[in-house]
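For reference, protein.cif is printed below; it contains mmCIF, C-alpha atoms.
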data_protein
#
loop_
_atom_site.group_PDB
_atom_site.id
_atom_site.type_symbol
_atom_site.label_atom_id
_atom_site.label_comp_id
_atom_site.auth_asym_id
_atom_site.auth_seq_id
_atom_site.Cartn_x
_atom_site.Cartn_y
_atom_site.Cartn_z
ATOM 1 C CA MET A 1 0.000 0.000 0.000
ATOM 2 C CA ARG A 2 2.856 2.363 0.870
ATOM 3 C CA LEU A 3 4.417 1.801 -2.572
ATOM 4 C CA ARG A 4 1.116 2.498 -4.288
ATOM 5 C CA ARG A 5 0.739 5.829 -2.424
ATOM 6 C CA ALA A 6 4.320 6.748 -3.301
ATOM 7 C CA GLY A 7 3.639 5.892 -6.937
ATOM 8 C CA LEU A 8 0.481 8.015 -6.960
ATOM 9 C CA ALA A 9 2.425 10.905 -5.396
ATOM 10 C CA VAL A 10 5.034 10.654 -8.136
ATOM 11 C CA VAL A 11 2.344 10.599 -10.837
ATOM 12 C CA ALA A 12 0.641 13.633 -9.273
ATOM 13 C CA ALA A 13 3.944 15.521 -9.073
ATOM 14 C CA LEU A 14 4.802 14.717 -12.688
ATOM 15 C CA SER A 15 1.345 15.798 -13.808
ATOM 16 C CA ALA A 16 1.787 19.122 -12.023
ATOM 17 C CA VAL A 17 5.177 19.658 -13.654
ATOM 18 C CA ALA A 18 3.745 18.767 -17.069
ATOM 19 C CA ALA A 19 0.886 21.218 -16.581
ATOM 20 C CA VAL A 20 3.281 24.053 -15.704
ATOM 21 C CA ALA A 21 5.654 23.144 -18.571
ATOM 22 C CA SER A 22 2.859 22.978 -21.117
ATOM 23 C CA THR A 23 1.816 26.533 -20.263
ATOM 24 C CA GLY A 24 5.384 27.778 -20.060
ATOM 25 C CA GLY A 25 5.049 28.446 -16.337
ATOM 26 C CA SER A 26 2.161 30.891 -16.469
ATOM 27 C CA ALA A 27 -1.418 30.355 -17.545
ATOM 28 C CA ASN A 28 -1.553 33.917 -18.921
ATOM 29 C CA ALA A 29 1.743 33.891 -20.823
ATOM 30 C CA ALA A 30 1.813 33.781 -24.606
ATOM 31 C CA THR A 31 4.034 30.862 -25.602
ATOM 32 C CA THR A 32 6.019 30.778 -28.824
ATOM 33 C CA THR A 33 7.984 27.749 -30.019
ATOM 34 C CA LYS A 34 11.239 28.192 -31.933
ATOM 35 C CA LYS A 35 13.452 25.438 -33.306
ATOM 36 C CA VAL A 36 17.109 26.344 -32.798
ATOM 37 C CA SER A 37 20.428 24.613 -33.418
ATOM 38 C CA ASP A 38 22.473 26.810 -31.102
ATOM 39 C CA ASN A 39 21.532 27.698 -27.524
ATOM 40 C CA CYS A 40 23.359 31.035 -27.892
ATOM 41 C CA VAL A 41 20.016 32.382 -29.080
ATOM 42 C CA HIS A 42 19.023 32.683 -25.425
ATOM 43 C CA ALA A 43 22.203 31.875 -23.422
ATOM 44 C CA GLY A 44 24.369 34.827 -24.470
ATOM 45 C CA CYS A 45 27.404 32.810 -25.586
ATOM 46 C CA THR A 46 30.911 34.037 -26.093
ATOM 47 C CA GLU A 47 33.078 30.967 -26.751
ATOM 48 C CA GLY A 48 33.562 27.380 -25.667
ATOM 49 C CA ASP A 49 30.890 25.535 -27.564
ATOM 50 C CA LEU A 50 30.230 21.834 -27.376
ATOM 51 C CA ILE A 51 29.195 20.555 -30.793
ATOM 52 C CA LEU A 52 26.992 17.471 -30.916
ATOM 53 C CA ASN A 53 27.155 15.613 -34.215
ATOM 54 C CA TYR A 54 24.482 13.479 -35.813
ATOM 55 C CA HIS A 55 27.050 10.933 -37.077
ATOM 56 C CA SER A 56 29.950 9.093 -35.488
ATOM 57 C CA VAL A 57 33.527 9.834 -36.441
ATOM 58 C CA ALA A 58 34.743 7.689 -39.321
ATOM 59 C CA THR A 59 36.318 4.413 -38.230
ATOM 60 C CA SER A 60 39.765 5.862 -38.951
ATOM 61 C CA GLY A 61 39.147 8.266 -36.063
ATOM 62 C CA GLN A 62 40.396 11.223 -38.099
ATOM 63 C CA GLY A 63 38.662 14.547 -38.595
ATOM 64 C CA ASN A 64 35.019 15.321 -38.106
ATOM 65 C CA PRO A 65 31.910 13.387 -39.112
ATOM 66 C CA SER A 66 29.632 14.348 -41.965
ATOM 67 C CA GLY A 67 26.005 15.201 -41.379
ATOM 68 C CA SER A 68 24.327 17.840 -39.295
ATOM 69 C CA PHE A 69 25.311 19.199 -35.878
ATOM 70 C CA ALA A 70 24.107 21.473 -33.073
ATOM 71 C CA LYS A 71 26.105 23.857 -30.876
ATOM 72 C CA PHE A 72 25.738 24.390 -27.136
ATOM 73 C CA TYR A 73 27.411 26.704 -24.690
ATOM 74 C CA GLY A 74 27.555 25.881 -20.988
ATOM 75 C CA ASN A 75 25.221 23.582 -19.137
ATOM 76 C CA VAL A 76 22.117 22.257 -20.885
ATOM 77 C CA TYR A 77 19.692 20.624 -18.446
ATOM 78 C CA ASP A 78 17.584 19.001 -21.165
ATOM 79 C CA LEU A 79 18.622 18.618 -24.808
ATOM 80 C CA ALA A 80 14.936 18.551 -25.780
ATOM 81 C CA GLY A 81 14.837 22.303 -25.208
ATOM 82 C CA THR A 82 14.124 24.983 -22.654
ATOM 83 C CA TYR A 83 11.496 27.566 -21.749
ATOM 84 C CA VAL A 84 12.609 31.184 -21.365
ATOM 85 C CA SER A 85 10.359 33.918 -19.960
ATOM 86 C CA TYR A 86 10.470 37.458 -21.310
ATOM 87 C CA ASN A 87 8.848 40.744 -20.248
ATOM 88 C CA GLY A 88 8.354 39.675 -16.649
ATOM 89 C CA GLY A 89 6.730 36.421 -17.691
ATOM 90 C CA ALA A 90 4.244 38.018 -20.099
ATOM 91 C CA SER A 91 5.689 35.936 -22.913
ATOM 92 C CA VAL A 92 7.461 32.598 -22.952
ATOM 93 C CA THR A 93 9.556 31.117 -25.723
ATOM 94 C CA HIS A 94 10.039 27.364 -25.931
ATOM 95 C CA TYR A 95 13.382 26.761 -27.634
ATOM 96 C CA VAL A 96 13.426 23.256 -29.141
ATOM 97 C CA TYR A 97 16.939 22.008 -29.931
ATOM 98 C CA VAL A 98 17.343 20.471 -33.397
ATOM 99 C CA PHE A 99 20.273 19.680 -35.666
ATOM 100 C CA TYR A 100 21.017 22.446 -38.184
ATOM 101 C CA PRO A 101 18.435 22.322 -40.996
ATOM 102 C CA ASN A 102 19.605 21.751 -44.577
ATOM 103 C CA TYR A 103 22.984 20.517 -43.410
ATOM 104 C CA GLY A 104 23.137 16.832 -44.330
ATOM 105 C CA ASP A 105 21.877 13.755 -42.524
ATOM 106 C CA GLY A 106 19.914 14.519 -39.360
ATOM 107 C CA SER A 107 18.930 18.026 -40.493
ATOM 108 C CA GLY A 108 16.071 19.376 -38.399
ATOM 109 C CA GLN A 109 15.811 16.294 -36.169
ATOM 110 C CA ALA A 110 15.700 16.630 -32.390
ATOM 111 C CA VAL A 111 19.123 16.671 -30.732
ATOM 112 C CA LYS A 112 18.017 14.761 -27.639
ATOM 113 C CA ASN A 113 18.842 11.065 -28.030
ATOM 114 C CA ASN A 114 20.183 11.528 -31.572
ATOM 115 C CA ALA A 115 23.852 12.555 -31.216
ATOM 116 C CA ALA A 116 26.631 10.078 -32.005
ATOM 117 C CA SER A 117 29.779 12.158 -31.434
ATOM 118 C CA ALA A 118 30.913 15.486 -29.986
ATOM 119 C CA ASN A 119 33.542 18.210 -30.388
ATOM 120 C CA ASN A 120 34.583 20.227 -27.353
ATOM 121 C CA CYS A 121 35.564 23.637 -28.701
ATOM 122 C CA SER A 122 36.393 25.158 -25.338
ATOM 123 C CA ALA A 123 40.038 26.152 -24.897
ATOM 124 C CA VAL A 124 40.101 25.221 -21.216
ATOM 125 C CA ASP A 125 36.927 23.481 -20.033
ATOM 126 C CA GLY A 126 35.853 19.891 -20.396
ATOM 127 C CA TYR A 127 32.274 18.823 -21.011
ATOM 128 C CA ARG A 128 30.314 15.760 -19.913
ATOM 129 C CA VAL A 129 27.451 14.252 -21.888
ATOM 130 C CA TYR A 130 24.786 12.512 -19.763
ATOM 131 C CA TYR A 131 22.328 9.733 -20.468
ATOM 132 C CA ASN A 132 19.469 11.467 -18.595
ATOM 133 C CA SER A 133 18.194 15.013 -18.393
ATOM 134 C CA GLY A 134 19.356 16.910 -15.337
ATOM 135 C CA TYR A 135 22.977 15.696 -15.558
ATOM 136 C CA ALA A 136 22.089 12.239 -14.295
ATOM 137 C CA GLY A 137 22.946 8.667 -15.160
ATOM 138 C CA HIS A 138 25.853 7.357 -17.174
ATOM 139 C CA SER A 139 28.144 10.088 -18.533
ATOM 140 C CA GLN A 140 31.214 10.531 -20.680
ATOM 141 C CA SER A 141 33.899 13.186 -20.550
ATOM 142 C CA ILE A 142 34.528 15.049 -23.803
ATOM 143 C CA PRO A 143 38.047 16.540 -23.606
ATOM 144 C CA HIS A 144 38.850 19.884 -25.186
ATOM 145 C CA TYR A 145 40.937 20.074 -28.334
ATOM 146 C CA TYR A 146 42.223 23.428 -29.463
ATOM 147 C CA GLY A 147 40.305 24.672 -32.465
ATOM 148 C CA CYS A 148 37.643 21.939 -32.429
ATOM 149 C CA ALA A 149 39.965 19.791 -34.517
ATOM 150 C CA SER A 150 38.771 16.356 -33.407
ATOM 151 C CA SER A 151 35.496 14.669 -32.637
ATOM 152 C CA THR A 152 35.002 12.091 -29.926
ATOM 153 C CA ASN A 153 32.570 9.231 -30.504
ATOM 154 C CA LEU A 154 30.027 8.803 -27.742
ATOM 155 C CA ASP A 155 30.326 5.432 -26.033
ATOM 156 C CA ALA A 156 27.856 2.608 -26.706
ATOM 157 C CA THR A 157 25.599 3.679 -23.813
ATOM 158 C CA LEU A 158 25.366 7.336 -24.882
ATOM 159 C CA LYS A 159 25.289 7.021 -28.671
ATOM 160 C CA ASN A 160 21.772 8.135 -29.615
ATOM 161 C CA ASN A 161 20.869 8.130 -25.889
ATOM 162 C CA ASN A 162 21.988 11.549 -24.645
ATOM 163 C CA ALA A 163 19.840 14.019 -22.781
ATOM 164 C CA SER A 164 21.978 16.714 -21.100
ATOM 165 C CA VAL A 165 25.452 18.279 -21.107
ATOM 166 C CA HIS A 166 27.476 19.965 -18.382
ATOM 167 C CA TRP A 167 30.832 21.656 -18.084
ATOM 168 C CA ALA A 168 33.154 19.233 -16.342
#
What is this file in structure tokens?
Amino acid sequence: MRLRRAGLAVVAALSAVAAVASTGGSANAATTTKKVSDNCVHAGCTEGDLILNYHSVATSGQGNPSGSFAKFYGNVYDLAGTYVSYNGGASVTHYVYVFYPNYGDGSGQAVKNNAASANNCSAVDGYRVYYNSGYAGHSQSIPHYYGCASSTNLDATLKNNNASVHWA
């Protein structure tokens, strides 16, 4: 009985979160959805991107993969996207992260659970790619390479199963 009550509490909590997320946090806010391939649209980036690639690096391990990619700066709690409030909450924009449109295989597809490799373009910081949203579950370190010269394949657990990224 205790487990059933706990399960119902979890379902109720998730339903409440879903209700808030679906309205963008405010029942009166106008919500706009934008598909973006770079979180600098709302994060105010300067440098140090992590690039997530749709394809793996070629088996030779040299260079960068073909296909589309998406760029992220800093921590990304959920690669599905994020809600950002503007004008004191009067408007909300839902940024949905997708691979760059019209740029090869994977163009326009959701980034979450679709990346196969990554480039760490930060000169000093490492990144970690996580299996779950919220920087949870299995993760892999993506070392920095000066000038974004090399891609790192995601391991077998994370390839096409990646949900968040965090500076390491």
Practice task
Give as a VMD selection string the residues that the PyMOL selection byres ((chain A and resi 128) around 7) matches when applied to the coordinates above.
Solution key: chain A and resid 126 to 127 129 to 130 139 to 142 165 to 168
Practice task
Name the residues captured by the PyMOL selection byres ((chain A and resi 152-162) around 8) when it is applied to the shown file; answer as number ranges by chain.
Solution key: A: 56-57, 79, 112-119, 129-132, 138-140, 142, 150-151, 163-164
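Note that atom CA of A:Tyr95 and atom CA of A:Tyr145 are 28.4 Å apart.
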Practice task
Between atom CA of A:Gly104 and atom CA of A:Ser66, measure the distance and give it in Å to one decimal.
Solution key: 7.3 Å
What are the centre and the three edge lengths of an axis-aligned box that wraps all atoms of stretch 123-139 of chain A in the file, given that 5 Å is added to every side, written as lines of an AutoDock Vina configuration file and rounded to one decimal in Å?
center_x = 29.1
center_y = 16.8
center_z = -19.6
size_x = 31.9
size_y = 28.8
size_z = 20.6
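Of note, atom CA of A:His94 and atom CA of A:Cys148 are spaced 28.9 Å apart.
Take the candidates A:Ala90, A:Cys121, A:Val96, A:Ile51 and check each one against A:Gln109 using all atoms listed in the file; the shortest distance goes to A:Val96.
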Problem - Selection as a PyMOL selection string: residues within 9 Å of (19.6, 25.6, -39.1), counting only C-alpha atoms - result: chain A and resi 35-38+70+98-103+107-108
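For the set A:Asn87, A:Thr82, A:Thr31, A:Asn53, the residue with the smallest atom-to-atom gap to A:Phe69 is A:Asn53, counting all atoms listed in the file.
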